[in-house]
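Working notes for the structure below.
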Amino acid sequence: MIGCKSVPSQEIQVLLSVIKRDGSRGAAALCAVKMSYGSSSLGSGTASARRPFEYGRTHVVRPKGKHQATIVWLHGLGDNGSSWSQLLETLPLPNIKWICPTAPTRPVAVFGGFPCTAWFDVGDLSEDGPEDTEGLDASAAHVANLLSTEPADIKVGIGGFSMGAATALYSATCCAHGKYGNGSPYPVNISAAVGLSGWLPSSKSLITKVESSQDAARRAASLPLLLCHGKSDDVVQYKHGEKSARVLNSTGFQNATFKTYYGLGHYTIPEEMDDVCKWLTAMLQLDGSRS
């Protein structure tokens with residue numbers, strides 16, 4: 001039923017492996033490749049040259065039954081909202097409305113500054129890489145804005161794959177903290193968050209955020225999180241997903257679950273998506289009704 005091996009795109013995955021193997025030569029080779037991810041006129045991506053980026057098309061999958069929850073689902077690096085909307089539409093979750101936005105096209109440091117769709121700038125696909133807090137905050141705010149118009153009786157959540165998972169987990173920590181990384185109030189009450197083949201950005205400062213107030217600690221303890229990772233992932237290595245889950249647990253996210261999939265690379269499979277469906281049904285208390 002489900003085989004989303006095109007996420008991220010094959011071109012992106014191959015180029016990542018080239019960069020990992022050949023270092024700067026791989027990055028230089030990347031810049032010579034013709035890719036259809038948008039104009040390269042966005043500049044170098046440095047802080048001094050940064051300007052607001054335009055988000056791409058948002059795809060919405062309407063619930064097939066009684067609307068009980070809305071989840072914003074975020075794609076991986078170099079992908080778009082369309083591919084995941086097609087997959088999510090096939091899931092046996094009739095009570096969920098899925099919102100699948102498309103990230104802005106921006107220069108990405110891991111690709112030597114070459115532009116592609118990305119939720120934030122990244123130089124290393126792990127929790128140890130340099131942090132683009134400005135980019136993370138902007139994408140987290142975009143997600144919160146998409147959820148802010150949902151009816152009050154609808155539970156809301158965030159999920160994603162790879163870089164999308166990183167953004168979803170960052171949004172979840174902002175929800176627990178009650179603030180974005182820049183200190184502005186976080187406006188949405190998230191009921192659940194899912195991260196597939198991803199990592200936790202800004203993990204080093206997380207314990208300070210959670211311990212900043214009793215309210216933050218309480219929200220962290222009660223927020224359900226599901227992290228899933230393939231043991232054979234060669235793009236975002238398994239150890240980064242495992243460490244992210246460990247950091248979340250140790251900083252007060254007591255309701256964080258980490259699931260391992262042996263033989264799974266940087267893509268999803270039916271077994272993993274079945275686990276996601278079961279988990280969301282339980283955490284969001286969905287009744288499966290179609291009326």
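As shown in the structure tokens, the chain order sets the letters A, B, ...; within each chain, residues go from 1, and ligands are also counted from 1 in the order they appear.
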
(Q) Residues within 10 Å of region 241-256 of chain A, please, as JSON, numbers by chain. Count only C-alpha atoms; anything in the same chain fewer than 6 positions from it doesn't count. (A) {"A": [126, 127, 162, 166, 169, 173, 176, 192, 193, 194, 195, 196, 197, 198, 199, 200, 201, 203, 204, 206, 207, 208, 209, 210, 211, 216, 217, 218, 219, 220, 221, 222, 223, 224, 225, 226, 227, 228, 229, 230, 231, 233]}

Restricted to C-alpha atoms, what would the selected residues look like written as an mmCIF file, in the first residue's frame?
```
data_model
loop_
_atom_site.group_PDB
_atom_site.id
_atom_site.type_symbol
_atom_site.label_atom_id
_atom_site.label_comp_id
_atom_site.auth_asym_id
_atom_site.auth_seq_id
_atom_site.Cartn_x
_atom_site.Cartn_y
_atom_site.Cartn_z
ATOM 1 C CA SER A 126 22.008 15.821 12.698
ATOM 2 C CA GLU A 127 21.406 17.404 16.078
ATOM 3 C CA SER A 162 13.571 13.952 7.685
ATOM 4 C CA ALA A 166 13.160 18.036 12.593
ATOM 5 C CA LEU A 169 9.972 18.197 16.735
ATOM 6 C CA THR A 173 9.515 21.852 21.925
ATOM 7 C CA ALA A 176 6.149 22.889 25.513
ATOM 8 C CA ALA A 192 0.691 15.137 19.222
ATOM 9 C CA ALA A 193 3.841 15.227 17.101
ATOM 10 C CA VAL A 194 5.419 12.612 14.821
ATOM 11 C CA GLY A 195 8.939 12.532 13.395
ATOM 12 C CA LEU A 196 10.081 9.966 10.808
ATOM 13 C CA SER A 197 13.793 9.603 9.980
ATOM 14 C CA GLY A 198 14.593 12.965 11.548
ATOM 15 C CA TRP A 199 16.468 14.640 14.356
ATOM 16 C CA LEU A 200 15.925 17.204 17.113
ATOM 17 C CA PRO A 201 17.320 20.694 16.347
ATOM 18 C CA SER A 203 18.743 19.989 21.505
ATOM 19 C CA LYS A 204 21.546 21.559 23.541
ATOM 20 C CA LEU A 206 16.231 22.145 25.415
ATOM 21 C CA ILE A 207 16.723 21.379 29.102
ATOM 22 C CA THR A 208 17.005 25.095 29.873
ATOM 23 C CA LYS A 209 13.725 25.739 28.059
ATOM 24 C CA VAL A 210 11.829 22.945 29.806
ATOM 25 C CA GLU A 211 13.135 23.878 33.234
ATOM 26 C CA ALA A 216 6.795 24.222 30.478
ATOM 27 C CA ALA A 217 7.721 21.080 32.416
ATOM 28 C CA ARG A 218 4.056 20.079 32.659
ATOM 29 C CA ARG A 219 3.450 20.608 28.938
ATOM 30 C CA ALA A 220 6.593 18.636 28.055
ATOM 31 C CA ALA A 221 5.582 15.720 30.276
ATOM 32 C CA SER A 222 2.104 15.457 28.764
ATOM 33 C CA LEU A 223 2.888 15.990 25.058
ATOM 34 C CA PRO A 224 2.823 12.702 23.074
ATOM 35 C CA LEU A 225 5.742 12.343 20.657
ATOM 36 C CA LEU A 226 6.490 9.493 18.247
ATOM 37 C CA LEU A 227 9.946 9.176 16.677
ATOM 38 C CA CYS A 228 10.569 6.426 14.102
ATOM 39 C CA HIS A 229 13.905 5.647 12.479
ATOM 40 C CA GLY A 230 15.369 3.043 10.136
ATOM 41 C CA LYS A 231 18.472 1.242 11.349
ATOM 42 C CA ASP A 233 19.312 5.137 7.245
#
```

Q) Could you pull out the alpha helix (DSSP H) residues of region 64-283 of chain A from DSSP and send them as a ChimeraX atom specification? A) /A:81-88,133-147,163-177,206-210,214-222,238-250,270-283

**Q.** Pick from A:Thr70, A:Ala168, A:Pro151, A:Met163 nearest to Val122 (chain A), counting only C-alpha atoms
**A.** A:Met163

Q) Do you know which residues are at most 6 Å from region 100-104 of chain A counting only C-alpha atoms, after dropping those on the same chain fewer than 3 positions away, and could you put them as a PyMOL selection string? A) chain A and resi 53-59+72-73+80-81+117-119

Q) Taking only C-alpha atoms into account, which of A:Pro92, A:Gly181, A:Pro115, A:Ile154 comes nearest Ala140 (chain A)? A) A:Gly181

Q.
Report as a ChimeraX atom specification all protein, DNA and RNA residues lying within 10 Å of Val143 (chain A), evaluated on only C-alpha atoms, omitting residues in the same chain fewer than 3 positions from it.
A. /A:71-74,99-101,137-140,146-148,157-158,167-168,171,188

File of the preceding selection, all heavy atoms, as a CSV table (one decimal), in the first residue's frame:
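Saved result, out.csv, follows:
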```
chain,number,residue,atom,x,y,z
A,71,ILE,N,-3.7,17.7,11.1
A,71,ILE,CA,-2.3,17.5,11.3
A,71,ILE,C,-1.6,18.2,10.1
A,71,ILE,O,-1.9,17.9,9.0
A,71,ILE,CB,-1.8,16.0,11.4
A,71,ILE,CG1,-2.4,15.4,12.6
A,71,ILE,CG2,-0.3,15.9,11.3
A,71,ILE,CD1,-2.1,13.9,12.7
A,72,VAL,N,-0.6,19.1,10.4
A,72,VAL,CA,0.3,19.6,9.4
A,72,VAL,C,1.4,18.6,9.2
A,72,VAL,O,2.1,18.3,10.2
A,72,VAL,CB,0.8,21.0,9.8
A,72,VAL,CG1,1.9,21.4,8.8
A,72,VAL,CG2,-0.3,22.0,9.8
A,73,TRP,N,1.6,18.2,8.0
A,73,TRP,CA,2.7,17.2,7.7
A,73,TRP,C,3.8,17.9,6.8
A,73,TRP,O,3.4,18.4,5.8
A,73,TRP,CB,2.2,15.9,7.0
A,73,TRP,CG,3.2,14.9,7.0
A,73,TRP,CD1,4.1,14.7,6.0
A,73,TRP,CD2,3.4,13.9,8.0
A,73,TRP,NE1,4.9,13.6,6.3
A,73,TRP,CE2,4.5,13.1,7.5
A,73,TRP,CE3,2.8,13.5,9.2
A,73,TRP,CZ2,5.0,12.0,8.3
A,73,TRP,CZ3,3.3,12.5,9.9
A,73,TRP,CH2,4.4,11.7,9.5
A,74,LEU,N,5.0,17.8,7.2
A,74,LEU,CA,6.1,18.5,6.6
A,74,LEU,C,7.0,17.5,5.8
A,74,LEU,O,7.5,16.6,6.4
A,74,LEU,CB,6.9,19.3,7.6
A,74,LEU,CG,6.1,20.2,8.5
A,74,LEU,CD1,6.9,20.8,9.6
A,74,LEU,CD2,5.4,21.3,7.6
A,99,ILE,N,-2.8,18.8,6.3
A,99,ILE,CA,-2.3,20.0,5.6
A,99,ILE,C,-0.8,19.8,5.3
A,99,ILE,O,0.0,19.6,6.2
A,99,ILE,CB,-2.5,21.2,6.5
A,99,ILE,CG1,-4.0,21.4,6.9
A,99,ILE,CG2,-2.0,22.5,5.8
A,99,ILE,CD1,-4.2,22.6,7.8
A,100,CYS,N,-0.5,19.8,4.0
A,100,CYS,CA,0.8,19.5,3.5
A,100,CYS,C,1.4,20.7,2.8
A,100,CYS,O,1.3,20.8,1.6
A,100,CYS,CB,0.8,18.3,2.6
A,100,CYS,SG,0.1,16.8,3.4
A,101,PRO,N,2.1,21.6,3.5
A,101,PRO,CA,2.7,22.8,2.9
A,101,PRO,C,4.0,22.4,2.1
A,101,PRO,O,4.5,21.3,2.3
A,101,PRO,CB,3.0,23.7,4.1
A,101,PRO,CG,3.2,22.8,5.2
A,101,PRO,CD,2.3,21.6,5.0
A,137,ASP,N,12.4,29.1,13.5
A,137,ASP,CA,11.3,29.8,14.0
A,137,ASP,C,10.3,30.2,12.9
A,137,ASP,O,9.1,30.2,13.1
A,137,ASP,CB,11.8,31.1,14.7
A,137,ASP,CG,12.3,30.8,16.1
A,137,ASP,OD1,12.0,29.8,16.7
A,137,ASP,OD2,12.9,31.7,16.7
A,138,ALA,N,10.8,30.6,11.7
A,138,ALA,CA,9.9,31.0,10.6
A,138,ALA,C,9.0,29.9,10.2
A,138,ALA,O,7.8,30.1,10.0
A,138,ALA,CB,10.8,31.6,9.5
A,139,SER,N,9.6,28.7,10.1
A,139,SER,CA,8.8,27.5,9.6
A,139,SER,C,7.9,27.1,10.7
A,139,SER,O,6.7,26.7,10.4
A,139,SER,CB,9.8,26.4,9.2
A,139,SER,OG,10.4,26.7,8.0
A,140,ALA,N,8.3,27.1,12.0
A,140,ALA,CA,7.4,26.8,13.1
A,140,ALA,C,6.2,27.7,13.1
A,140,ALA,O,5.1,27.3,13.4
A,140,ALA,CB,8.2,26.8,14.4
A,146,LEU,N,-0.9,27.9,10.0
A,146,LEU,CA,-1.8,26.9,9.3
A,146,LEU,C,-2.8,26.3,10.3
A,146,LEU,O,-4.0,26.0,9.9
A,146,LEU,CB,-1.0,25.9,8.6
A,146,LEU,CG,-0.2,26.4,7.4
A,146,LEU,CD1,0.8,25.2,6.9
A,146,LEU,CD2,-1.1,26.8,6.3
A,147,LEU,N,-2.4,26.1,11.5
A,147,LEU,CA,-3.3,25.4,12.5
A,147,LEU,C,-4.2,26.3,13.3
A,147,LEU,O,-5.2,25.9,13.9
A,147,LEU,CB,-2.4,24.6,13.5
A,147,LEU,CG,-1.6,23.4,12.9
A,147,LEU,CD1,-0.7,22.9,14.0
A,147,LEU,CD2,-2.6,22.3,12.5
A,148,SER,N,-3.8,27.6,13.2
A,148,SER,CA,-4.5,28.6,14.1
A,148,SER,C,-6.0,28.8,13.7
A,148,SER,O,-6.7,29.3,14.6
A,148,SER,CB,-3.8,29.9,14.1
A,148,SER,OG,-3.8,30.5,12.8
A,157,GLY,N,-2.1,18.6,15.4
A,157,GLY,CA,-0.8,18.0,15.6
A,157,GLY,C,0.1,18.3,14.4
A,157,GLY,O,-0.3,19.0,13.4
A,158,ILE,N,1.4,17.9,14.6
A,158,ILE,CA,2.4,18.2,13.6
A,158,ILE,C,3.2,16.9,13.3
A,158,ILE,O,3.5,16.1,14.3
A,158,ILE,CB,3.4,19.3,14.0
A,158,ILE,CG1,2.6,20.5,14.4
A,158,ILE,CG2,4.4,19.6,13.0
A,158,ILE,CD1,3.5,21.6,15.0
A,167,THR,N,11.7,19.8,11.9
A,167,THR,CA,10.8,21.0,12.1
A,167,THR,C,9.6,20.7,13.0
A,167,THR,O,9.3,21.5,13.9
A,167,THR,CB,10.4,21.6,10.8
A,167,THR,OG1,11.5,21.7,9.9
A,167,THR,CG2,9.7,22.9,10.9
A,168,ALA,N,9.0,19.5,12.8
A,168,ALA,CA,7.9,19.1,13.7
A,168,ALA,C,8.3,19.0,15.1
A,168,ALA,O,7.6,19.5,16.0
A,168,ALA,CB,7.3,17.8,13.2
A,171,SER,N,8.9,22.4,16.6
A,171,SER,CA,7.7,23.0,16.9
A,171,SER,C,7.1,22.5,18.2
A,171,SER,O,6.5,23.2,19.0
A,171,SER,CB,6.7,22.8,15.8
A,171,SER,OG,7.1,23.4,14.6
A,188,VAL,N,-0.1,27.9,19.6
A,188,VAL,CA,-0.9,26.7,19.4
A,188,VAL,C,-0.7,25.7,20.4
A,188,VAL,O,0.5,25.4,20.9
A,188,VAL,CB,-0.6,26.2,18.0
A,188,VAL,CG1,-1.5,24.9,17.7
A,188,VAL,CG2,-0.9,27.2,16.9
```

Q. Which of these, A:Ile96, A:Leu87, A:Leu136, A:Cys277, has the shortest distance to Ala69 (chain A) once you count only C-alpha atoms?
A.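 For Ala69 (chain A), the nearest of the candidates is A:Ile96.
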
Q. If you run DSSP on the backbone, which residues of region 85-283 of chain A are strand (DSSP E), as an MDAnalysis selection string?
A. chainID A and resid 96:100 105:107 115:117 155:161 192:196 225:230 256:261
